[in-house]
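Report on the structure given below.
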Amino acid sequence: MNSEHHYGFETLAIHAGNEPDPTTGSVVPPIYATSTYKQDGVGGLRNGYEYSRSANPTRTALEECLAAIEVGNRGFAFASGLAAEDTLIRSLCVPGDHVVFPDDAYGGTFRLFARVLGNWGVEMTPAAVTHPDAIRAAIRPGKTKVVWLETPTNPLLNVADIAIVAQIAHDAGALLVVDNTFASPYLQQPLELGADVVVHSTTKYMGGHSDVVGGALIVRDAGLAEKIAFHQNAIGAVAGPFDSWLVLRGIKTLGVRMDRHSDNAEKVVEFLQRHQSVTQVLYPGIDGHPGSETAAKQMKRYGGIVSFRVAGGEQQAIDICNKAEVFTLGESLGGVESLIEHPGKMTHASVAGTPLEVPADLIRLSVGIETIDDLLLDLDRAMS
């Protein structure tokens, strides 16, 4: 592709990293199912490839595409979102360093920080992502190396002002990391707003079909990229070639899928707002949502995740999850099929008894791209 031309998102998603195969002209990058590469003499690497933990052409194609759609300079693909997060923190921190962490975040990320990285010596302080003063107060001058954000958050869909938090982090000499999984790069591009690193679970909207587990990091700074590249190779939790190919395939339709996810989610929100059993609907696109103005400023649309609370408490929430049929009861999110879950018993069970504990009456929906009338009928039946 002509590097001097400014291409649109959908064009980049389809073509970046996807150059036709030079041998056959194949328009789809091959799956390079190889562990090693013939060298052109001792130390003479052919196009830089020596061993597939260090680099693989299919993974390279994905990493180039990731960098392009997040408006970064370098992308890195990992075996899972948590593998990406662990590699990142070990690239940026040493024992004794401190991280400001969201008070509303994915339970697996909290578990990684609290029970793995904490044992390694990295300290963590939760802070409300919606309150810049709370983030500022949580920073420990000289010790805080990272401010970590999810926006929208998982599962309460709080929205942080990325540009404001970036300034707070940089004033303290820290880096801003933004988990952009819920929004996807189609709806939000944190590097453009001042973030230093973008994190993704590519399992979710990037892959989009619930058939792959993966993670990604994207950066702009060359020095930071070199640190991550070293640790990616040294730690070795890389994306395999078939997984890379699946994510690369998924990204091609990311734009059209995110528009349909958003369309359907908006109609689900309208239904829930009218339902007598619902006490609160959590979605950034709702007028009156505390983060709606910020979301409108930094997001293209509001995405496919909807959370809501019910009047009957925990048991009613569990019953609704069990009764749904078109909405599949399952963890994860971002696939073409709709999912329903009870965060307190499922994805966020690891934060029970902590400041991140979620309400027992909360249900989280990942609204898919099915016929919207079928989704609404299914919810109506499950909630009756």
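Each chain in the structure tokens gets a letter, A, B and so on, in the order shown; residues start at 1 in every chain, and ligands are counted from 1 in the order they appear.
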
**Prompt:** Excluding same-chain residues fewer than 3 positions from stretch 29-43 of chain A, what lies within 12 Å of it counting only C-alpha atoms, as number ranges by chain?
**Reply:** A: 14-26, 46-62, 65, 240-249

**Item:** All residues 9 Å or closer to A:Pro359, only C-alpha atoms, same chain fewer than 5 positions away omitted, as JSON, numbers by chain
**Value:** {"A": [309, 314, 343, 344]}

Go ahead and save the residues from that selection, with all heavy atoms, as a PDB file, in the first residue's frame.
ATOM      1  N   ARG A 309     -29.251  -3.933  35.744  1.00  0.00           N
ATOM      2  CA  ARG A 309     -29.558  -4.474  37.061  1.00  0.00           C
ATOM      3  C   ARG A 309     -31.062  -4.729  37.171  1.00  0.00           C
ATOM      4  O   ARG A 309     -31.858  -4.015  36.543  1.00  0.00           O
ATOM      5  CB  ARG A 309     -29.084  -3.523  38.155  1.00  0.00           C
ATOM      6  CG  ARG A 309     -27.593  -3.238  38.068  1.00  0.00           C
ATOM      7  CD  ARG A 309     -27.126  -2.224  39.100  1.00  0.00           C
ATOM      8  NE  ARG A 309     -27.193  -2.786  40.456  1.00  0.00           N
ATOM      9  CZ  ARG A 309     -26.757  -2.151  41.533  1.00  0.00           C
ATOM     10  NH1 ARG A 309     -26.244  -0.928  41.426  1.00  0.00           N
ATOM     11  NH2 ARG A 309     -26.848  -2.719  42.721  1.00  0.00           N
ATOM     12  N   GLU A 314     -30.093 -10.942  43.022  1.00  0.00           N
ATOM     13  CA  GLU A 314     -29.201 -11.936  42.437  1.00  0.00           C
ATOM     14  C   GLU A 314     -29.951 -13.108  41.827  1.00  0.00           C
ATOM     15  O   GLU A 314     -29.624 -13.551  40.715  1.00  0.00           O
ATOM     16  CB  GLU A 314     -28.219 -12.437  43.495  1.00  0.00           C
ATOM     17  CG  GLU A 314     -27.223 -13.476  42.969  1.00  0.00           C
ATOM     18  CD  GLU A 314     -26.240 -13.915  44.034  1.00  0.00           C
ATOM     19  OE1 GLU A 314     -26.693 -14.440  45.078  1.00  0.00           O
ATOM     20  OE2 GLU A 314     -25.035 -13.733  43.833  1.00  0.00           O
ATOM     21  N   PRO A 343     -21.907 -11.454  35.885  1.00  0.00           N
ATOM     22  CA  PRO A 343     -20.507 -11.145  36.217  1.00  0.00           C
ATOM     23  C   PRO A 343     -20.092 -11.589  37.616  1.00  0.00           C
ATOM     24  O   PRO A 343     -18.978 -12.096  37.818  1.00  0.00           O
ATOM     25  CB  PRO A 343     -20.438  -9.625  36.057  1.00  0.00           C
ATOM     26  CG  PRO A 343     -21.504  -9.308  35.067  1.00  0.00           C
ATOM     27  CD  PRO A 343     -22.611 -10.270  35.360  1.00  0.00           C
ATOM     28  N   GLY A 344     -20.979 -11.389  38.608  1.00  0.00           N
ATOM     29  CA  GLY A 344     -20.615 -11.723  39.978  1.00  0.00           C
ATOM     30  C   GLY A 344     -20.265 -13.177  40.181  1.00  0.00           C
ATOM     31  O   GLY A 344     -19.437 -13.516  41.031  1.00  0.00           O
TER      32      GLY A 344
END

What are the DSSP strand (DSSP E) residues of stretch 204-354 of chain A, as a PDB file with N, CA and C atoms, in the first residue's frame?
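Result file follows (states-v4.pdb):
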ATOM      1  N   GLY A 215      -4.169 -11.807  22.136  1.00  0.00           N
ATOM      2  CA  GLY A 215      -3.999 -10.494  22.735  1.00  0.00           C
ATOM      3  C   GLY A 215      -3.078  -9.639  21.886  1.00  0.00           C
ATOM      4  N   ALA A 216      -3.050  -8.343  22.174  1.00  0.00           N
ATOM      5  CA  ALA A 216      -2.239  -7.426  21.378  1.00  0.00           C
ATOM      6  C   ALA A 216      -1.817  -6.224  22.203  1.00  0.00           C
ATOM      7  N   LEU A 217      -0.678  -5.654  21.832  1.00  0.00           N
ATOM      8  CA  LEU A 217      -0.192  -4.371  22.317  1.00  0.00           C
ATOM      9  C   LEU A 217       0.167  -3.528  21.105  1.00  0.00           C
ATOM     10  N   ILE A 218      -0.158  -2.234  21.150  1.00  0.00           N
ATOM     11  CA  ILE A 218       0.198  -1.313  20.067  1.00  0.00           C
ATOM     12  C   ILE A 218       0.773  -0.059  20.680  1.00  0.00           C
ATOM     13  N   VAL A 219       1.890   0.427  20.115  1.00  0.00           N
ATOM     14  CA  VAL A 219       2.577   1.617  20.638  1.00  0.00           C
ATOM     15  C   VAL A 219       3.026   2.491  19.479  1.00  0.00           C
ATOM     16  N   VAL A 278     -36.312  -3.954  35.327  1.00  0.00           N
ATOM     17  CA  VAL A 278     -34.970  -3.374  35.240  1.00  0.00           C
ATOM     18  C   VAL A 278     -34.897  -2.110  36.090  1.00  0.00           C
ATOM     19  N   THR A 279     -33.931  -2.068  36.980  1.00  0.00           N
ATOM     20  CA  THR A 279     -33.758  -0.891  37.835  1.00  0.00           C
ATOM     21  C   THR A 279     -32.717   0.082  37.304  1.00  0.00           C
ATOM     22  N   GLN A 280     -31.773  -0.400  36.479  1.00  0.00           N
ATOM     23  CA  GLN A 280     -30.740   0.474  35.935  1.00  0.00           C
ATOM     24  C   GLN A 280     -30.157  -0.148  34.677  1.00  0.00           C
ATOM     25  N   VAL A 281     -29.988   0.656  33.651  1.00  0.00           N
ATOM     26  CA  VAL A 281     -29.315   0.226  32.432  1.00  0.00           C
ATOM     27  C   VAL A 281     -28.002   0.986  32.330  1.00  0.00           C
ATOM     28  N   LEU A 282     -26.927   0.252  32.076  1.00  0.00           N
ATOM     29  CA  LEU A 282     -25.591   0.841  31.991  1.00  0.00           C
ATOM     30  C   LEU A 282     -25.113   0.766  30.541  1.00  0.00           C
ATOM     31  N   ILE A 305     -21.751  -3.781  24.138  1.00  0.00           N
ATOM     32  CA  ILE A 305     -21.873  -4.306  25.500  1.00  0.00           C
ATOM     33  C   ILE A 305     -22.898  -3.491  26.272  1.00  0.00           C
ATOM     34  N   VAL A 306     -23.832  -4.179  26.882  1.00  0.00           N
ATOM     35  CA  VAL A 306     -24.870  -3.554  27.696  1.00  0.00           C
ATOM     36  C   VAL A 306     -24.939  -4.292  29.025  1.00  0.00           C
ATOM     37  N   SER A 307     -24.918  -3.557  30.130  1.00  0.00           N
ATOM     38  CA  SER A 307     -25.131  -4.159  31.442  1.00  0.00           C
ATOM     39  C   SER A 307     -26.400  -3.572  32.049  1.00  0.00           C
ATOM     40  N   PHE A 308     -27.066  -4.376  32.875  1.00  0.00           N
ATOM     41  CA  PHE A 308     -28.268  -3.863  33.539  1.00  0.00           C
ATOM     42  C   PHE A 308     -28.484  -4.589  34.854  1.00  0.00           C
ATOM     43  N   ARG A 309     -29.251  -3.933  35.744  1.00  0.00           N
ATOM     44  CA  ARG A 309     -29.558  -4.474  37.061  1.00  0.00           C
ATOM     45  C   ARG A 309     -31.062  -4.729  37.171  1.00  0.00           C
ATOM     46  N   VAL A 310     -31.415  -5.733  37.945  1.00  0.00           N
ATOM     47  CA  VAL A 310     -32.821  -6.136  38.015  1.00  0.00           C
ATOM     48  C   VAL A 310     -33.360  -6.029  39.440  1.00  0.00           C
ATOM     49  N   THR A 328     -26.654 -16.726  24.369  1.00  0.00           N
ATOM     50  CA  THR A 328     -26.001 -17.903  24.924  1.00  0.00           C
ATOM     51  C   THR A 328     -25.366 -17.570  26.262  1.00  0.00           C
ATOM     52  N   LEU A 329     -25.612 -18.408  27.272  1.00  0.00           N
ATOM     53  CA  LEU A 329     -24.985 -18.226  28.577  1.00  0.00           C
ATOM     54  C   LEU A 329     -23.515 -18.614  28.464  1.00  0.00           C
ATOM     55  N   LEU A 339     -24.195 -13.066  23.757  1.00  0.00           N
ATOM     56  CA  LEU A 339     -23.895 -13.791  24.989  1.00  0.00           C
ATOM     57  C   LEU A 339     -24.521 -13.068  26.172  1.00  0.00           C
ATOM     58  N   ILE A 340     -24.862 -13.834  27.203  1.00  0.00           N
ATOM     59  CA  ILE A 340     -25.388 -13.285  28.450  1.00  0.00           C
ATOM     60  C   ILE A 340     -24.615 -13.918  29.595  1.00  0.00           C
ATOM     61  N   GLU A 341     -24.346 -13.147  30.631  1.00  0.00           N
ATOM     62  CA  GLU A 341     -23.627 -13.709  31.767  1.00  0.00           C
ATOM     63  C   GLU A 341     -23.964 -12.951  33.043  1.00  0.00           C
TER      64      GLU A 341
END

**Prompt:** Which residue out of A:Ala13, A:Met124, A:Ala134, A:Val159 has the minimum interatomic distance to A:Glu293 when only C-alpha atoms are used?
**Reply:**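 Of A:Ala13, A:Met124, A:Ala134, A:Val159, the one nearest A:Glu293, counting only C-alpha atoms, is A:Val159.
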
I'd like to know which residues of stretch 29-240 of chain A are alpha helix (DSSP H) (by DSSP, run on the backbone); could you write them as a short mmCIF file (atom, residue, chain, number, x, y, z; two decimals) with N, CA, C and O atoms, in the first residue's frame?
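Contents of part_19.cif, as written:
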data_model
loop_
_atom_site.label_atom_id
_atom_site.label_comp_id
_atom_site.auth_asym_id
_atom_site.auth_seq_id
_atom_site.Cartn_x
_atom_site.Cartn_y
_atom_site.Cartn_z
N PRO A 57 5.92 -15.02 9.71
CA PRO A 57 5.32 -14.12 8.71
C PRO A 57 3.82 -13.89 8.88
O PRO A 57 3.33 -12.79 8.61
N THR A 58 3.08 -14.90 9.34
CA THR A 58 1.64 -14.69 9.55
C THR A 58 1.42 -13.74 10.72
O THR A 58 0.55 -12.86 10.66
N ARG A 59 2.21 -13.91 11.78
CA ARG A 59 2.10 -12.99 12.92
C ARG A 59 2.55 -11.59 12.53
O ARG A 59 1.96 -10.60 12.96
N THR A 60 3.58 -11.49 11.70
CA THR A 60 4.02 -10.19 11.23
C THR A 60 2.91 -9.46 10.50
O THR A 60 2.70 -8.25 10.69
N ALA A 61 2.17 -10.18 9.65
CA ALA A 61 1.06 -9.57 8.92
C ALA A 61 0.02 -9.02 9.89
O ALA A 61 -0.47 -7.89 9.73
N LEU A 62 -0.31 -9.81 10.93
CA LEU A 62 -1.28 -9.34 11.92
C LEU A 62 -0.74 -8.12 12.67
O LEU A 62 -1.47 -7.15 12.87
N GLU A 63 0.52 -8.16 13.06
CA GLU A 63 1.08 -7.05 13.84
C GLU A 63 1.12 -5.76 13.03
O GLU A 63 0.89 -4.67 13.56
N GLU A 64 1.37 -5.87 11.74
CA GLU A 64 1.35 -4.68 10.88
C GLU A 64 -0.06 -4.13 10.77
O GLU A 64 -0.27 -2.91 10.79
N CYS A 65 -1.05 -5.01 10.68
CA CYS A 65 -2.45 -4.58 10.59
C CYS A 65 -2.89 -3.92 11.90
O CYS A 65 -3.54 -2.87 11.90
N LEU A 66 -2.52 -4.51 13.04
CA LEU A 66 -2.86 -3.95 14.34
C LEU A 66 -2.32 -2.53 14.48
O LEU A 66 -3.03 -1.62 14.95
N ALA A 67 -1.07 -2.34 14.10
CA ALA A 67 -0.47 -1.01 14.20
C ALA A 67 -1.21 -0.01 13.32
O ALA A 67 -1.46 1.13 13.73
N ALA A 68 -1.60 -0.44 12.14
CA ALA A 68 -2.27 0.48 11.21
C ALA A 68 -3.63 0.91 11.71
O ALA A 68 -3.97 2.11 11.69
N ILE A 69 -4.44 -0.02 12.21
CA ILE A 69 -5.81 0.34 12.58
C ILE A 69 -5.87 1.06 13.92
O ILE A 69 -6.86 1.73 14.22
N GLY A 81 -5.03 -12.06 25.82
CA GLY A 81 -4.98 -10.70 26.33
C GLY A 81 -4.16 -10.61 27.61
O GLY A 81 -3.39 -9.66 27.80
N LEU A 82 -4.32 -11.59 28.50
CA LEU A 82 -3.56 -11.58 29.75
C LEU A 82 -2.07 -11.78 29.50
O LEU A 82 -1.22 -11.22 30.21
N ALA A 83 -1.71 -12.57 28.49
CA ALA A 83 -0.29 -12.72 28.13
C ALA A 83 0.28 -11.38 27.68
O ALA A 83 1.43 -11.02 28.02
N ALA A 84 -0.50 -10.62 26.91
CA ALA A 84 -0.06 -9.30 26.48
C ALA A 84 0.12 -8.38 27.69
O ALA A 84 1.13 -7.66 27.79
N GLU A 85 -0.83 -8.40 28.63
CA GLU A 85 -0.76 -7.53 29.80
C GLU A 85 0.44 -7.88 30.68
O GLU A 85 1.16 -7.00 31.16
N ASP A 86 0.66 -9.17 30.91
CA ASP A 86 1.78 -9.60 31.74
C ASP A 86 3.11 -9.19 31.11
O ASP A 86 4.01 -8.67 31.79
N THR A 87 3.24 -9.41 29.80
CA THR A 87 4.47 -9.03 29.12
C THR A 87 4.68 -7.52 29.19
O THR A 87 5.81 -7.05 29.38
N LEU A 88 3.60 -6.76 29.06
CA LEU A 88 3.73 -5.31 29.10
C LEU A 88 4.24 -4.83 30.45
O LEU A 88 5.18 -4.02 30.52
N ILE A 89 3.64 -5.31 31.53
CA ILE A 89 4.05 -4.84 32.86
C ILE A 89 5.49 -5.25 33.15
O ILE A 89 6.27 -4.48 33.73
N ARG A 90 5.90 -6.42 32.73
CA ARG A 90 7.29 -6.83 32.95
C ARG A 90 8.25 -6.03 32.07
O ARG A 90 9.44 -5.95 32.37
N SER A 91 7.72 -5.44 30.99
CA SER A 91 8.54 -4.56 30.15
C SER A 91 8.69 -3.18 30.77
O SER A 91 9.70 -2.51 30.55
N LEU A 92 7.67 -2.73 31.52
CA LEU A 92 7.64 -1.35 32.01
C LEU A 92 8.03 -1.21 33.48
O LEU A 92 8.43 -0.12 33.90
N GLY A 107 -12.10 -8.97 35.74
CA GLY A 107 -11.62 -9.74 36.87
C GLY A 107 -10.30 -10.44 36.62
O GLY A 107 -9.46 -10.57 37.53
N GLY A 108 -10.07 -10.89 35.40
CA GLY A 108 -8.81 -11.56 35.09
C GLY A 108 -7.62 -10.62 35.16
O GLY A 108 -6.53 -11.01 35.59
N THR A 109 -7.81 -9.38 34.74
CA THR A 109 -6.74 -8.40 34.83
C THR A 109 -6.44 -8.08 36.29
O THR A 109 -5.27 -7.99 36.70
N PHE A 110 -7.50 -7.92 37.09
CA PHE A 110 -7.29 -7.68 38.52
C PHE A 110 -6.54 -8.86 39.16
O PHE A 110 -5.61 -8.66 39.94
N ARG A 111 -6.92 -10.07 38.83
CA ARG A 111 -6.25 -11.25 39.39
C ARG A 111 -4.77 -11.26 39.00
O ARG A 111 -3.91 -11.59 39.82
N GLY A 118 1.59 -8.79 41.89
CA GLY A 118 1.78 -8.36 43.27
C GLY A 118 2.82 -9.20 43.98
O GLY A 118 3.66 -8.69 44.73
N ASN A 119 2.81 -10.52 43.73
CA ASN A 119 3.82 -11.39 44.33
C ASN A 119 5.20 -11.13 43.77
O ASN A 119 6.21 -11.43 44.41
N TRP A 120 5.25 -10.60 42.57
CA TRP A 120 6.52 -10.24 41.93
C TRP A 120 7.06 -8.91 42.48
O TRP A 120 8.22 -8.60 42.31
N PRO A 132 -10.76 12.23 37.58
CA PRO A 132 -9.33 12.53 37.43
C PRO A 132 -8.64 12.84 38.74
O PRO A 132 -7.47 12.46 38.94
N ASP A 133 -9.33 13.51 39.68
CA ASP A 133 -8.70 13.81 40.96
C ASP A 133 -8.38 12.55 41.74
O ASP A 133 -7.37 12.49 42.46
N ALA A 134 -9.22 11.52 41.62
CA ALA A 134 -8.95 10.25 42.30
C ALA A 134 -7.73 9.57 41.71
O ALA A 134 -6.91 8.98 42.44
N ILE A 135 -7.59 9.65 40.40
CA ILE A 135 -6.40 9.08 39.75
C ILE A 135 -5.15 9.84 40.18
O ILE A 135 -4.12 9.25 40.52
N ARG A 136 -5.26 11.15 40.20
CA ARG A 136 -4.13 11.99 40.61
C ARG A 136 -3.72 11.68 42.04
O ARG A 136 -2.53 11.58 42.36
N ALA A 137 -4.70 11.50 42.91
CA ALA A 137 -4.40 11.24 44.32
C ALA A 137 -3.78 9.86 44.52
O ALA A 137 -3.03 9.65 45.49
N ALA A 138 -4.09 8.92 43.65
CA ALA A 138 -3.57 7.55 43.79
C ALA A 138 -2.13 7.43 43.33
O ALA A 138 -1.44 6.44 43.66
N ILE A 162 -9.75 9.91 28.21
CA ILE A 162 -8.39 9.43 27.92
C ILE A 162 -7.40 10.59 27.86
O ILE A 162 -6.28 10.51 28.41
N ALA A 163 -7.77 11.69 27.21
CA ALA A 163 -6.84 12.81 27.06
C ALA A 163 -6.48 13.42 28.40
O ALA A 163 -5.31 13.75 28.66
N ILE A 164 -7.47 13.57 29.29
CA ILE A 164 -7.21 14.15 30.60
C ILE A 164 -6.32 13.22 31.43
O ILE A 164 -5.34 13.66 32.07
N VAL A 165 -6.63 11.92 31.42
CA VAL A 165 -5.84 10.98 32.23
C VAL A 165 -4.44 10.84 31.66
O VAL A 165 -3.47 10.67 32.41
N ALA A 166 -4.29 10.94 30.35
CA ALA A 166 -2.95 10.91 29.75
C ALA A 166 -2.10 12.05 30.28
O ALA A 166 -0.91 11.87 30.62
N GLN A 167 -2.68 13.23 30.38
CA GLN A 167 -1.94 14.38 30.89
C GLN A 167 -1.55 14.17 32.36
O GLN A 167 -0.42 14.49 32.77
N ILE A 168 -2.47 13.62 33.15
CA ILE A 168 -2.18 13.35 34.56
C ILE A 168 -1.02 12.36 34.67
O ILE A 168 -0.08 12.56 35.47
N ALA A 169 -1.07 11.30 33.90
CA ALA A 169 -0.01 10.30 33.94
C ALA A 169 1.33 10.88 33.52
O ALA A 169 2.35 10.69 34.19
N HIS A 170 1.33 11.63 32.43
CA HIS A 170 2.58 12.18 31.92
C HIS A 170 3.17 13.22 32.85
O HIS A 170 4.39 13.31 33.01
N ASP A 171 2.31 14.00 33.51
CA ASP A 171 2.80 14.98 34.48
C ASP A 171 3.52 14.29 35.64
O ASP A 171 4.41 14.87 36.26
N SER A 184 -12.96 -1.34 20.64
CA SER A 184 -12.27 -1.71 19.40
C SER A 184 -11.71 -0.46 18.75
O SER A 184 -12.21 0.66 18.97
N PRO A 185 -10.69 -0.60 17.90
CA PRO A 185 -10.12 0.58 17.23
C PRO A 185 -11.06 1.23 16.24
O PRO A 185 -10.81 2.36 15.82
N TYR A 186 -12.13 0.55 15.85
CA TYR A 186 -13.10 1.17 14.96
C TYR A 186 -13.86 2.28 15.66
O TYR A 186 -14.18 3.30 15.05
N LEU A 187 -14.13 2.11 16.95
CA LEU A 187 -14.91 3.10 17.69
C LEU A 187 -14.06 4.08 18.48
O LEU A 187 -14.54 5.16 18.83
N ALA A 222 9.32 4.42 19.63
CA ALA A 222 10.25 3.39 19.16
C ALA A 222 10.99 2.73 20.32
O ALA A 222 11.21 1.51 20.31
N GLY A 223 11.39 3.51 21.32
CA GLY A 223 12.09 2.95 22.46
C GLY A 223 11.22 1.99 23.25
O GLY A 223 11.66 0.91 23.67
N LEU A 224 9.97 2.36 23.44
CA LEU A 224 9.02 1.49 24.13
C LEU A 224 8.77 0.23 23.33
O LEU A 224 8.67 -0.88 23.88
N ALA A 225 8.68 0.37 22.01
CA ALA A 225 8.49 -0.80 21.15
C ALA A 225 9.63 -1.78 21.28
O ALA A 225 9.41 -3.00 21.32
N GLU A 226 10.87 -1.29 21.38
CA GLU A 226 12.01 -2.18 21.51
C GLU A 226 11.98 -2.94 22.83
O GLU A 226 12.32 -4.13 22.90
N LYS A 227 11.55 -2.27 23.91
CA LYS A 227 11.41 -2.96 25.20
C LYS A 227 10.39 -4.08 25.11
O LYS A 227 10.62 -5.20 25.59
N ILE A 228 9.25 -3.79 24.50
CA ILE A 228 8.20 -4.81 24.39
C ILE A 228 8.66 -5.94 23.49
O ILE A 228 8.42 -7.12 23.79
N ALA A 229 9.32 -5.61 22.38
CA ALA A 229 9.80 -6.65 21.46
C ALA A 229 10.76 -7.60 22.16
O ALA A 229 10.70 -8.83 21.98
N PHE A 230 11.66 -7.05 22.99
CA PHE A 230 12.60 -7.90 23.72
C PHE A 230 11.85 -8.84 24.65
O PHE A 230 12.12 -10.05 24.69
N HIS A 231 10.91 -8.30 25.41
CA HIS A 231 10.19 -9.12 26.38
C HIS A 231 9.24 -10.09 25.69
O HIS A 231 9.03 -11.22 26.18
N GLN A 232 8.65 -9.70 24.58
CA GLN A 232 7.79 -10.64 23.84
C GLN A 232 8.59 -11.88 23.46
O GLN A 232 8.12 -13.01 23.62
N ASN A 233 9.79 -11.68 22.96
CA ASN A 233 10.63 -12.80 22.55
C ASN A 233 11.17 -13.56 23.76
O ASN A 233 11.22 -14.79 23.78
N ALA A 234 11.57 -12.83 24.81
CA ALA A 234 12.18 -13.46 25.97
C ALA A 234 11.17 -14.25 26.79
O ALA A 234 11.49 -15.32 27.33
N ILE A 235 9.96 -13.75 26.90
CA ILE A 235 8.92 -14.44 27.67
C ILE A 235 8.24 -15.50 26.81
O ILE A 235 7.93 -16.60 27.28
#

**Request:** Tell me, in Å to one decimal, how far atom CA of A:Pro155 is from atom CA of A:Ala105.
**Result:**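 Taking atom CA of A:Pro155 as the start and atom CA of A:Ala105 as the end point, the length is 7.0 Å.
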
Counting only C-alpha atoms, which residues of stretch 223-279 of chain A sit at most 10 Å from some atom of stretch 284-290 of chain A, and what is each one's closest atom pair with its distance in Å to one decimal, listed by chain and rising residue number, as CSV?
residue,atom,partner,partner_atom,distance
A:Ser262,CA,A:Gly285,CA,9.8
A:Ala265,CA,A:Gly285,CA,9.7
A:Glu266,CA,A:Gly285,CA,7.8
A:Val269,CA,A:Ile286,CA,8.2
A:Glu270,CA,A:Ile286,CA,9.2
A:Gln273,CA,A:Ile286,CA,9.8

Written selection (all heavy atoms) as a PDB file, in the first residue's frame:
ATOM      1  N   SER A 262     -23.500  -2.147  17.445  1.00  0.00           N
ATOM      2  CA  SER A 262     -23.995  -0.900  18.039  1.00  0.00           C
ATOM      3  C   SER A 262     -25.474  -0.687  17.736  1.00  0.00           C
ATOM      4  O   SER A 262     -26.243  -0.274  18.616  1.00  0.00           O
ATOM      5  CB  SER A 262     -23.167   0.285  17.534  1.00  0.00           C
ATOM      6  OG  SER A 262     -21.805   0.158  17.900  1.00  0.00           O
ATOM      7  N   ALA A 265     -27.371  -3.102  19.981  1.00  0.00           N
ATOM      8  CA  ALA A 265     -27.264  -2.735  21.391  1.00  0.00           C
ATOM      9  C   ALA A 265     -28.169  -1.553  21.716  1.00  0.00           C
ATOM     10  O   ALA A 265     -28.798  -1.525  22.783  1.00  0.00           O
ATOM     11  CB  ALA A 265     -25.809  -2.407  21.742  1.00  0.00           C
ATOM     12  N   GLU A 266     -28.236  -0.594  20.828  1.00  0.00           N
ATOM     13  CA  GLU A 266     -29.092   0.569  21.077  1.00  0.00           C
ATOM     14  C   GLU A 266     -30.559   0.170  21.203  1.00  0.00           C
ATOM     15  O   GLU A 266     -31.298   0.698  22.038  1.00  0.00           O
ATOM     16  CB  GLU A 266     -28.897   1.599  19.964  1.00  0.00           C
ATOM     17  CG  GLU A 266     -27.537   2.290  20.026  1.00  0.00           C
ATOM     18  CD  GLU A 266     -27.223   3.089  18.775  1.00  0.00           C
ATOM     19  OE1 GLU A 266     -28.120   3.206  17.904  1.00  0.00           O
ATOM     20  OE2 GLU A 266     -26.091   3.583  18.657  1.00  0.00           O
ATOM     21  N   VAL A 269     -31.054  -1.589  24.542  1.00  0.00           N
ATOM     22  CA  VAL A 269     -31.105  -0.584  25.609  1.00  0.00           C
ATOM     23  C   VAL A 269     -32.508   0.023  25.697  1.00  0.00           C
ATOM     24  O   VAL A 269     -33.065   0.182  26.796  1.00  0.00           O
ATOM     25  CB  VAL A 269     -30.050   0.509  25.370  1.00  0.00           C
ATOM     26  CG1 VAL A 269     -30.313   1.741  26.236  1.00  0.00           C
ATOM     27  CG2 VAL A 269     -28.658  -0.043  25.660  1.00  0.00           C
ATOM     28  N   GLU A 270     -33.103   0.365  24.547  1.00  0.00           N
ATOM     29  CA  GLU A 270     -34.459   0.918  24.547  1.00  0.00           C
ATOM     30  C   GLU A 270     -35.448  -0.058  25.181  1.00  0.00           C
ATOM     31  O   GLU A 270     -36.317   0.339  25.973  1.00  0.00           O
ATOM     32  CB  GLU A 270     -34.889   1.252  23.120  1.00  0.00           C
ATOM     33  CG  GLU A 270     -34.102   2.399  22.492  1.00  0.00           C
ATOM     34  CD  GLU A 270     -34.465   2.600  21.025  1.00  0.00           C
ATOM     35  OE1 GLU A 270     -35.372   1.870  20.529  1.00  0.00           O
ATOM     36  OE2 GLU A 270     -33.844   3.455  20.371  1.00  0.00           O
ATOM     37  N   GLN A 273     -34.841  -0.216  29.032  1.00  0.00           N
ATOM     38  CA  GLN A 273     -35.277   0.995  29.735  1.00  0.00           C
ATOM     39  C   GLN A 273     -36.788   0.999  29.987  1.00  0.00           C
ATOM     40  O   GLN A 273     -37.247   1.646  30.930  1.00  0.00           O
ATOM     41  CB  GLN A 273     -34.870   2.235  28.943  1.00  0.00           C
ATOM     42  CG  GLN A 273     -33.376   2.539  28.993  1.00  0.00           C
ATOM     43  CD  GLN A 273     -33.016   3.770  28.187  1.00  0.00           C
ATOM     44  OE1 GLN A 273     -33.343   3.870  27.001  1.00  0.00           O
ATOM     45  NE2 GLN A 273     -32.355   4.715  28.821  1.00  0.00           N
TER      46      GLN A 273
END

**Request:** In Å, rounded to a single decimal, give me how far atom CA of A:Thr130 is from atom CA of A:Ala172.
**Result:** 18.4 Å

**Asked** Please, what distance in Å, to one decimal, runs between atom CA of A:Asn154 and atom CA of A:Tyr106?
**Response**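 Pair atom CA of A:Asn154 / atom CA of A:Tyr106 returns 5.3 Å.
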
**Selected residue of minimal separation from A:His275 among A:Asp380, A:Asp221, A:Glu331, A:Asp211, counting only C-alpha atoms** =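 Closest residue, counting only C-alpha atoms: A:Asp380.
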
**Asked** What's the 9 Å shell around A:Ser332, counting only C-alpha atoms, without same-chain residues fewer than 6 positions away, as a list in words?
**Response** Thr203, Lys204, Ser210, Leu339, Glu341, Thr347 and Ser366 of chain A

Next, dump the selected residues to file, keeping only C-alpha atoms, as an mmCIF file, in the first residue's frame.
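Resulting contents of selection.cif:
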data_model
loop_
_atom_site.group_PDB
_atom_site.id
_atom_site.type_symbol
_atom_site.label_atom_id
_atom_site.label_comp_id
_atom_site.auth_asym_id
_atom_site.auth_seq_id
_atom_site.Cartn_x
_atom_site.Cartn_y
_atom_site.Cartn_z
ATOM 1 C CA THR A 203 -10.332 -12.875 21.366
ATOM 2 C CA LYS A 204 -13.179 -10.382 21.455
ATOM 3 C CA SER A 210 -15.516 -16.809 19.225
ATOM 4 C CA LEU A 339 -23.895 -13.791 24.989
ATOM 5 C CA GLU A 341 -23.627 -13.709 31.767
ATOM 6 C CA THR A 347 -16.167 -13.270 34.780
ATOM 7 C CA SER A 366 -22.635 -8.946 24.602
#
